[in-house]
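Dumped my_file-v4.txt below, it's compact mmCIF, C-alpha atoms:
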# COMPACT_ATOMS: atom_id res chain seq x y z
CA MET A 195 2.12 -14.34 6.93
CA ASN A 196 -1.01 -13.30 5.16
CA THR A 197 1.06 -11.50 2.61
CA LEU A 198 3.11 -14.52 1.75
CA THR A 199 0.09 -16.72 1.35
CA ARG A 200 -1.40 -14.25 -1.04
CA GLU A 201 1.73 -13.91 -3.11
CA ASN A 202 2.12 -17.66 -3.37
CA ARG A 203 -1.35 -18.06 -4.68
CA ASP A 204 -0.63 -15.35 -7.21
CA SER A 205 2.47 -17.06 -8.51
CA ASP A 206 0.49 -20.26 -9.02
CA ARG A 207 -1.84 -18.41 -11.31
CA VAL A 208 1.03 -16.86 -13.21
CA GLN A 209 2.15 -20.30 -14.36
CA THR A 210 -0.88 -20.63 -16.57
CA GLU A 211 -0.80 -17.15 -18.09
CA GLN A 212 1.73 -14.35 -17.87
CA PHE A 213 0.37 -10.92 -17.09
CA LEU A 214 1.87 -7.48 -17.01
CA ALA A 215 1.10 -5.25 -14.06
CA PRO A 216 0.20 -1.89 -15.60
CA PRO A 217 0.78 1.49 -13.93
CA ALA A 218 -2.14 2.75 -11.89
CA SER A 219 -3.11 5.85 -9.94
CA VAL A 220 -5.55 6.32 -7.09
CA ILE A 221 -7.23 9.64 -6.47
CA GLU A 222 -9.33 10.25 -3.39
CA ALA A 223 -12.27 12.60 -3.36
CA GLY A 224 -14.73 13.03 -0.51
CA GLU A 225 -17.27 10.62 -1.93
CA GLY A 226 -14.88 7.84 -2.83
CA TYR A 227 -11.89 6.94 -4.95
CA THR A 228 -10.99 7.03 -8.61
CA LEU A 229 -8.65 4.35 -9.85
CA GLU A 230 -6.95 4.75 -13.21
CA VAL A 231 -5.14 1.84 -14.84
CA GLU A 232 -3.23 2.04 -18.12
CA MET A 233 -4.07 -0.78 -20.49
CA PRO A 234 -3.15 0.19 -24.05
CA GLY A 235 -4.87 -2.01 -26.62
CA VAL A 236 -7.69 -2.97 -24.27
CA ASN A 237 -11.28 -2.03 -25.04
CA LYS A 238 -14.58 -2.83 -23.36
CA ASP A 239 -14.69 -6.38 -24.76
CA GLY A 240 -11.32 -7.31 -23.28
CA LEU A 241 -11.99 -6.06 -19.76
CA ASP A 242 -12.78 -8.38 -16.90
CA ILE A 243 -13.26 -6.72 -13.52
CA SER A 244 -14.21 -8.71 -10.44
CA VAL A 245 -14.39 -8.36 -6.67
CA GLU A 246 -13.88 -11.43 -4.55
CA ASN A 247 -13.14 -11.48 -0.82
CA ASN A 248 -12.60 -7.72 -0.85
CA GLU A 249 -10.01 -8.09 -3.57
CA LEU A 250 -10.50 -6.15 -6.79
CA THR A 251 -9.00 -7.75 -9.87
CA ILE A 252 -8.79 -6.01 -13.22
CA ILE A 253 -7.80 -8.12 -16.21
CA GLY A 254 -7.39 -6.50 -19.61
CA ARG A 255 -6.96 -8.56 -22.74
CA ARG A 256 -5.65 -6.67 -25.71
CA SER A 257 -7.00 -6.49 -29.19
CA LEU A 258 -3.97 -5.12 -30.96
CA PRO A 259 -4.02 -3.62 -34.45
CA VAL A 260 -2.96 -6.04 -37.16
CA VAL A 261 0.00 -4.53 -38.98
CA GLU A 262 1.21 -5.71 -42.35
CA GLY A 263 4.97 -6.03 -42.66
CA THR A 264 8.05 -7.31 -40.85
CA LEU A 265 8.75 -6.24 -37.28
CA ILE A 266 12.10 -4.41 -37.35
CA HIS A 267 12.11 -2.74 -33.94
CA HIS A 268 10.30 -4.18 -30.96
CA GLU A 269 9.63 -2.67 -27.54
CA SER A 270 6.07 -3.64 -26.69
CA ARG A 271 5.29 -6.67 -24.56
CA PRO A 272 2.80 -9.28 -25.74
CA GLU A 273 1.27 -10.12 -22.36
CA ASN A 274 -2.18 -9.12 -21.24
CA PHE A 275 -2.64 -6.97 -18.16
CA ARG A 276 -3.67 -7.80 -14.64
CA ARG A 277 -3.68 -5.75 -11.48
CA THR A 278 -5.10 -6.62 -8.08
CA PHE A 279 -6.06 -4.25 -5.29
CA GLU A 280 -7.25 -4.89 -1.80
CA LEU A 281 -10.31 -2.80 -1.14
CA ASP A 282 -10.70 -0.78 1.97
CA PRO A 283 -13.80 -1.81 3.95
CA SER A 284 -15.16 1.72 3.51
CA ILE A 285 -15.74 1.06 -0.20
CA ASP A 286 -19.16 -0.10 -1.29
CA ALA A 287 -18.20 -2.95 -3.63
CA ASN A 288 -21.70 -3.10 -5.11
CA LYS A 289 -21.41 0.41 -6.45
CA ILE A 290 -18.10 0.19 -8.28
CA SER A 291 -18.39 1.33 -11.86
CA ALA A 292 -15.88 1.25 -14.70
CA ASN A 293 -15.19 2.92 -17.98
CA VAL A 294 -12.46 2.47 -20.59
CA GLU A 295 -11.36 5.12 -23.03
CA GLN A 296 -8.29 4.99 -25.26
CA GLY A 297 -6.74 2.21 -23.21
CA LEU A 298 -7.23 3.97 -19.87
CA VAL A 299 -9.48 2.09 -17.46
CA THR A 300 -11.17 4.36 -14.92
CA LEU A 301 -12.95 2.87 -11.93
CA THR A 302 -15.14 4.80 -9.57
CA LEU A 303 -15.22 3.34 -6.08
CA PRO A 304 -17.78 5.10 -3.89
CA LYS A 305 -17.58 4.94 -0.15
CA ALA A 306 -20.42 3.27 1.67
CA GLU A 307 -23.06 5.68 2.96
CA HIS A 308 -22.12 5.28 6.61
CA VAL A 309 -18.50 6.37 6.12
CA LYS A 310 -19.11 9.40 3.91
CA PRO A 311 -18.19 12.71 5.49
CA ARG A 312 -21.28 14.22 6.93
CA LYS A 313 -22.12 17.54 8.45
CA ILE A 314 -24.00 17.50 11.68
CA THR A 315 -26.04 20.52 12.42
CA VAL A 316 -26.30 21.62 15.99
CA SER A 317 -29.90 22.40 16.75
CA MET B 196 -5.06 2.50 7.86
CA PRO B 197 -4.29 2.19 4.15
CA LEU B 198 -7.26 3.05 2.00
CA ILE B 199 -6.58 1.01 -1.05
CA ARG B 200 -3.70 -1.33 -0.63
CA TYR B 201 -1.60 -2.35 -3.56
CA GLN B 202 -0.32 -5.80 -4.20
CA ALA B 203 3.10 -6.25 -5.63
CA PRO B 204 2.88 -7.01 -9.33
CA GLU B 205 4.42 -10.24 -10.58
CA LEU B 206 6.02 -8.43 -13.50
CA ALA B 207 7.47 -4.94 -13.55
CA PRO B 208 6.01 -2.79 -16.28
CA TRP B 209 7.89 -2.83 -19.60
CA SER B 210 11.49 -2.98 -18.51
CA ALA B 211 12.67 -6.55 -18.84
CA ALA B 212 16.35 -5.79 -18.36
CA ASP B 213 15.63 -3.75 -15.31
CA ARG B 214 13.63 -6.61 -13.89
CA TRP B 215 16.55 -9.01 -13.93
CA SER B 216 19.07 -6.60 -12.56
CA ASN B 217 16.73 -5.87 -9.68
CA LEU B 218 15.71 -9.41 -9.01
CA GLY B 219 17.99 -9.84 -6.02
CA ASP B 220 16.79 -6.61 -4.53
CA GLU B 221 13.19 -7.52 -5.16
CA LEU B 222 13.60 -10.84 -3.41
CA ASN B 223 15.28 -9.23 -0.43
CA SER B 224 12.66 -6.58 -0.14
CA PHE B 225 9.95 -9.18 -0.26
CA PHE B 226 11.13 -10.59 2.98
CA GLU B 227 12.38 -7.52 4.75
CA LEU B 228 9.80 -4.93 3.91
CA PRO B 229 6.03 -4.74 3.72
CA PHE B 230 4.95 -6.33 0.47
CA TRP B 231 3.70 -3.18 -1.19
CA SER B 232 6.98 -1.33 -0.81
CA SER B 233 8.63 -3.36 -3.55
CA PHE B 234 6.26 -1.77 -6.00
CA GLY B 235 6.84 1.35 -8.02
CA ARG B 236 10.56 1.13 -8.43
CA ALA B 237 10.56 0.62 -12.16
CA GLY B 238 12.58 3.80 -12.55
CA GLN B 239 10.94 5.19 -15.65
CA LEU B 240 7.73 5.87 -13.81
CA PHE B 241 9.33 8.70 -11.92
CA THR B 242 11.86 9.96 -14.42
CA GLY B 243 9.58 10.47 -17.39
CA TRP B 244 7.69 8.46 -19.89
CA SER B 245 9.10 6.67 -22.87
CA PRO B 246 6.15 4.96 -24.55
CA ALA B 247 6.80 1.53 -26.07
CA LEU B 248 7.26 1.75 -29.81
CA ASP B 249 7.27 -0.99 -32.44
CA LEU B 250 8.38 -0.44 -36.01
CA TYR B 251 7.28 -2.53 -38.99
CA GLN B 252 8.40 -2.48 -42.59
CA SER B 253 6.48 -3.71 -45.61
CA ASN B 254 7.09 -3.27 -49.33
CA ASP B 255 5.24 0.02 -49.41
CA ASN B 256 5.22 1.37 -45.88
CA VAL B 257 7.05 1.87 -42.63
CA ILE B 258 4.57 1.56 -39.75
CA ALA B 259 5.12 2.77 -36.19
CA VAL B 260 2.88 1.42 -33.41
CA VAL B 261 3.10 3.35 -30.12
CA GLU B 262 1.39 2.63 -26.80
CA LEU B 263 -0.12 5.89 -25.59
CA PRO B 264 -2.92 5.05 -23.18
CA GLY B 265 -5.28 7.76 -22.01
CA MET B 266 -4.41 10.56 -24.42
CA ARG B 267 -6.64 12.94 -26.28
CA LYS B 268 -6.17 12.85 -30.04
CA GLY B 269 -5.49 16.58 -30.11
CA ASP B 270 -2.64 16.25 -27.61
CA ILE B 271 -0.55 13.95 -29.82
CA GLU B 272 1.98 15.52 -32.18
CA ILE B 273 3.71 13.63 -34.97
CA SER B 274 6.62 15.13 -36.87
CA LEU B 275 9.19 14.00 -39.39
CA HIS B 276 12.60 15.57 -39.69
CA ASP B 277 15.76 14.30 -41.39
CA GLY B 278 14.51 10.72 -41.50
CA THR B 279 13.58 10.73 -37.82
CA LEU B 280 10.02 10.24 -36.67
CA THR B 281 9.13 12.08 -33.48
CA ILE B 282 6.00 11.52 -31.46
CA SER B 283 5.43 13.96 -28.65
CA GLY B 284 2.60 15.38 -26.66
CA GLU B 285 1.22 16.08 -23.30
CA ARG B 286 -0.82 13.90 -21.06
CA ARG B 287 -3.05 15.90 -18.79
CA ARG B 288 -4.76 15.07 -15.59
CA GLU B 289 -8.44 14.67 -16.09
CA SER B 290 -10.66 17.28 -14.49
CA SER B 291 -9.80 17.66 -10.85
CA SER B 292 -12.49 18.82 -8.51
CA ASN B 293 -12.08 20.29 -5.06
CA GLY B 294 -10.90 18.17 -2.20
CA GLU B 295 -9.18 15.62 -4.42
CA LYS B 296 -5.89 14.17 -3.47
CA ALA B 297 -3.72 11.59 -5.10
CA GLU B 298 -3.30 8.54 -2.90
CA ARG B 299 -0.77 6.97 -5.18
CA THR B 300 0.52 8.02 -8.56
CA GLU B 301 2.26 5.67 -10.92
CA ARG B 302 0.91 7.12 -14.13
CA TYR B 303 3.11 9.68 -15.79
CA ILE B 304 1.44 13.03 -16.33
CA GLY B 305 3.06 15.74 -18.40
CA ARG B 306 5.01 16.11 -21.61
CA PHE B 307 6.75 13.27 -23.38
CA ARG B 308 8.80 12.92 -26.53
CA ARG B 309 9.80 9.82 -28.40
CA SER B 310 11.99 9.69 -31.54
CA ILE B 311 13.14 6.92 -33.80
CA ALA B 312 15.28 6.90 -36.96
CA LEU B 313 13.42 5.44 -39.92
CA PRO B 314 15.14 2.71 -41.94
CA THR B 315 14.37 4.25 -45.36
CA SER B 316 13.18 7.54 -46.73
CA VAL B 317 9.45 8.11 -46.65
CA ASP B 318 7.04 10.45 -48.38
CA ALA B 319 6.34 13.02 -45.69
CA THR B 320 3.28 14.34 -47.49
CA LYS B 321 1.44 10.99 -47.29
CA VAL B 322 1.89 10.12 -43.61
CA SER B 323 -1.33 9.06 -41.88
CA ALA B 324 -2.17 8.09 -38.31
CA THR B 325 -4.94 6.43 -36.34
CA TYR B 326 -5.45 6.36 -32.56
CA ARG B 327 -7.55 3.56 -31.17
CA ASP B 328 -7.75 1.89 -27.73
CA GLY B 329 -4.76 3.95 -26.64
CA ILE B 330 -2.54 2.73 -29.46
CA LEU B 331 -1.22 5.13 -32.07
CA THR B 332 -0.49 3.67 -35.50
CA VAL B 333 1.49 5.88 -37.88
CA THR B 334 1.73 4.74 -41.50
CA LEU B 335 4.59 6.28 -43.48
CA PRO B 336 4.56 5.41 -47.18
CA LYS B 337 8.03 4.79 -48.56
CA ALA B 338 9.43 7.26 -51.04
CA GLU B 339 9.04 6.00 -54.62
CA GLU B 340 12.78 5.61 -55.17
CA VAL B 341 13.24 3.16 -52.30
CA LYS B 342 10.27 0.89 -53.04
CA PRO B 343 11.29 -2.53 -54.30
CA LYS B 344 10.70 -2.81 -58.01
CA GLN B 345 9.91 -5.83 -60.05
CA ILE B 346 11.96 -5.90 -63.22
CA GLN B 347 10.54 -7.83 -66.11
CA VAL B 348 12.92 -9.94 -68.15
CA SER B 349 12.08 -9.35 -71.75
Could you write out this file's structure as structure tokens?
Amino acid sequence: MNTLTRENRDSDRVQTEQFLAPPASVIEAGEGYTLEVEMPGVNKDGLDISVENNELTIIGRRSLPVVEGTLIHHESRPENFRRTFELDPSIDANKISANVEQGLVTLTLPKAEHVKPRKITVS
Amino acid sequence: MPLIRYQAPELAPWSAADRWSNLGDELNSFFELPFWSSFGRAGQLFTGWSPALDLYQSNDNVIAVVELPGMRKGDIEISLHDGTLTISGERRRESSSNGEKAERTERYIGRFRRSIALPTSVDATKVSATYRDGILTVTLPKAEEVKPKQIQVS
């Protein structure tokens, strides 16, 4: 039921602006996660990343190159990007950092101190 | 327990035609399966990478605009052969340290190749390219003989 409620709310938002959901990858390392999202045409100024109710939303608005001439072959899509992730409670939302390079958004999501793997020495 | 849970996107990446043909399936899966399972079926993600390419034509140039997010400049190759422009290259995984594991991979990693026939002949010696914000713009000046010419009536 939760799922449906969430999807419904999403489709309400879509009515006002269409977004593309870009491909993303998640890599786990001991200290946390790395999230990579492909947003060609998006630079620092067009990025809007927020966390609300444990939900991470990444919106990327494109600043596309202005090309002189007539479009004779078209494959790209004009929409901006949006992708939403539900964060695991182990992630420390206050310590999420982001970087964008050549249209690839990389987020670093560290785990909270209390869930990091820890070695306990027997004394 | 899932670590980072995905939400189903409202639009499949790039493939509009694919989206419609799968609509029925998508709807069914929405109700029958956990919501995240409907994601990641846009076939191209797992069968290779065909970057979106736009082609423009002006009086003097043919311009190709290609979406290549997350590449290094040095890993992009541009070649011209028999009136066909080919853009190829390799996308590498960024430095991987010990103990890393991929939770979920939608991004294509590896070699790709994209070709398109050009509408007119171009001057191969004057081709230039820029790569900015993950978008490659290749400018191919038209060969002199195919440029439109203004003829003065005397």
- Message: Only residues of chain A matter here; which ones have an atom within 6 Å of chain B, counting only C-alpha atoms? Give them as a ChimeraX atom specification.
- Response: /A:214-223,232,234-237,263-270,279-282,296-298
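Proximity of A:Asn274, A:Ser284, A:Ser244, A:Thr251 to A:Tyr227, computed with all atoms listed in the file, is greatest for A:Ser284.
Residues in contact with A:Ile243 at up to 10 Å, not including ones fewer than 3 positions away on its chain and judged by all atoms listed in the file, are Gly240, Leu250, Thr251, Ile252, Ile253, Gly254, Arg276, Arg277, Thr278, Ile290, Ser291, Ala292 and Leu301 of chain A.
Note that the spacing between atom CA of B:Val317 and atom CA of B:Thr281 amounts to 13.8 Å.
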Residue with the minimum atom-to-atom distance to A:Arg256, picked from A:Phe213, A:Met233, A:Pro283, A:Asp242 with all atoms listed in the file counted, is A:Met233
The residue from B:His276, B:Ala324, B:Gly269, B:Gly284 with the smallest atom-to-atom distance to B:Gly305, counting all atoms listed in the file, is B:Gly284
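If only C-alpha atoms are the atoms counted, then among B:Ser323, B:Arg286, B:Arg309, B:Ile271 the closest residue to B:Ser245 is B:Arg309.
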inquiry  = Show me the residues around (10.7, -0.3, -54.5) - criterion: an atom at most 12 Å away, all atoms listed in the file counted - as JSON, numbers by chain.
reply    = {"B": [253, 254, 255, 256, 315, 316, 317, 336, 337, 338, 339, 340, 341, 342, 343, 344, 345, 346]}
Mind filling out stretch 249-275 of chain B with N, CA and C atoms and sending it as an mmCIF file, in the coordinates of the input?
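Result saved to selection_0.cif:
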data_model
loop_
_atom_site.group_PDB
_atom_site.id
_atom_site.type_symbol
_atom_site.label_atom_id
_atom_site.label_comp_id
_atom_site.auth_asym_id
_atom_site.auth_seq_id
_atom_site.Cartn_x
_atom_site.Cartn_y
_atom_site.Cartn_z
ATOM 1 N N ASP B 249 6.895 0.084 -31.519
ATOM 2 C CA ASP B 249 7.270 -0.990 -32.440
ATOM 3 C C ASP B 249 7.320 -0.409 -33.848
ATOM 4 N N LEU B 250 8.264 -0.920 -34.636
ATOM 5 C CA LEU B 250 8.380 -0.440 -36.010
ATOM 6 C C LEU B 250 8.287 -1.629 -36.968
ATOM 7 N N TYR B 251 7.451 -1.487 -37.970
ATOM 8 C CA TYR B 251 7.280 -2.530 -38.990
ATOM 9 C C TYR B 251 7.692 -1.975 -40.342
ATOM 10 N N GLN B 252 8.087 -2.888 -41.232
ATOM 11 C CA GLN B 252 8.400 -2.480 -42.590
ATOM 12 C C GLN B 252 7.742 -3.440 -43.572
ATOM 13 N N SER B 253 7.031 -2.889 -44.535
ATOM 14 C CA SER B 253 6.480 -3.710 -45.610
ATOM 15 C C SER B 253 7.025 -3.173 -46.922
ATOM 16 N N ASN B 254 6.586 -3.733 -48.034
ATOM 17 C CA ASN B 254 7.090 -3.270 -49.330
ATOM 18 C C ASN B 254 6.825 -1.787 -49.533
ATOM 19 N N ASP B 255 5.648 -1.357 -49.106
ATOM 20 C CA ASP B 255 5.240 0.020 -49.410
ATOM 21 C C ASP B 255 5.341 0.987 -48.247
ATOM 22 N N ASN B 256 5.325 0.472 -47.023
ATOM 23 C CA ASN B 256 5.220 1.370 -45.880
ATOM 24 C C ASN B 256 6.210 1.055 -44.764
ATOM 25 N N VAL B 257 6.439 2.066 -43.945
ATOM 26 C CA VAL B 257 7.050 1.870 -42.630
ATOM 27 C C VAL B 257 5.923 2.205 -41.647
ATOM 28 N N ILE B 258 5.699 1.334 -40.663
ATOM 29 C CA ILE B 258 4.570 1.560 -39.750
ATOM 30 C C ILE B 258 5.093 1.588 -38.315
ATOM 31 N N ALA B 259 4.746 2.646 -37.599
ATOM 32 C CA ALA B 259 5.120 2.770 -36.190
ATOM 33 C C ALA B 259 3.880 2.553 -35.336
ATOM 34 N N VAL B 260 3.992 1.693 -34.315
ATOM 35 C CA VAL B 260 2.880 1.420 -33.410
ATOM 36 C C VAL B 260 3.338 1.829 -32.001
ATOM 37 N N VAL B 261 2.657 2.780 -31.397
ATOM 38 C CA VAL B 261 3.100 3.350 -30.120
ATOM 39 C C VAL B 261 1.993 3.218 -29.075
ATOM 40 N N GLU B 262 2.370 2.773 -27.883
ATOM 41 C CA GLU B 262 1.390 2.630 -26.800
ATOM 42 C C GLU B 262 1.250 3.958 -26.061
ATOM 43 N N LEU B 263 0.122 4.591 -26.228
ATOM 44 C CA LEU B 263 -0.120 5.890 -25.590
ATOM 45 C C LEU B 263 -1.474 5.884 -24.891
ATOM 46 N N PRO B 264 -1.603 5.135 -23.805
ATOM 47 C CA PRO B 264 -2.920 5.050 -23.180
ATOM 48 C C PRO B 264 -3.387 6.360 -22.579
ATOM 49 N N GLY B 265 -4.672 6.639 -22.721
ATOM 50 C CA GLY B 265 -5.280 7.760 -22.010
ATOM 51 C C GLY B 265 -4.941 9.135 -22.539
ATOM 52 N N MET B 266 -4.685 9.247 -23.855
ATOM 53 C CA MET B 266 -4.410 10.560 -24.420
ATOM 54 C C MET B 266 -5.667 11.078 -25.122
ATOM 55 N N ARG B 267 -5.649 12.387 -25.373
ATOM 56 C CA ARG B 267 -6.640 12.940 -26.280
ATOM 57 C C ARG B 267 -5.976 13.079 -27.633
ATOM 58 N N LYS B 268 -6.730 12.786 -28.693
ATOM 59 C CA LYS B 268 -6.170 12.850 -30.040
ATOM 60 C C LYS B 268 -5.426 14.162 -30.278
ATOM 61 N N GLY B 269 -6.053 15.262 -29.852
ATOM 62 C CA GLY B 269 -5.490 16.580 -30.110
ATOM 63 C C GLY B 269 -4.193 16.855 -29.373
ATOM 64 N N ASP B 270 -3.856 16.032 -28.394
ATOM 65 C CA ASP B 270 -2.640 16.250 -27.610
ATOM 66 C C ASP B 270 -1.452 15.445 -28.120
ATOM 67 N N ILE B 271 -1.652 14.744 -29.253
ATOM 68 C CA ILE B 271 -0.550 13.950 -29.820
ATOM 69 C C ILE B 271 0.013 14.699 -31.030
ATOM 70 N N GLU B 272 1.339 14.862 -31.045
ATOM 71 C CA GLU B 272 1.980 15.520 -32.180
ATOM 72 C C GLU B 272 2.922 14.541 -32.868
ATOM 73 N N ILE B 273 2.847 14.521 -34.201
ATOM 74 C CA ILE B 273 3.710 13.630 -34.970
ATOM 75 C C ILE B 273 4.514 14.500 -35.927
ATOM 76 N N SER B 274 5.838 14.339 -35.930
ATOM 77 C CA SER B 274 6.620 15.130 -36.870
ATOM 78 C C SER B 274 7.724 14.279 -37.481
ATOM 79 N N LEU B 275 8.198 14.732 -38.612
ATOM 80 C CA LEU B 275 9.190 14.000 -39.390
ATOM 81 C C LEU B 275 10.278 14.986 -39.757
#
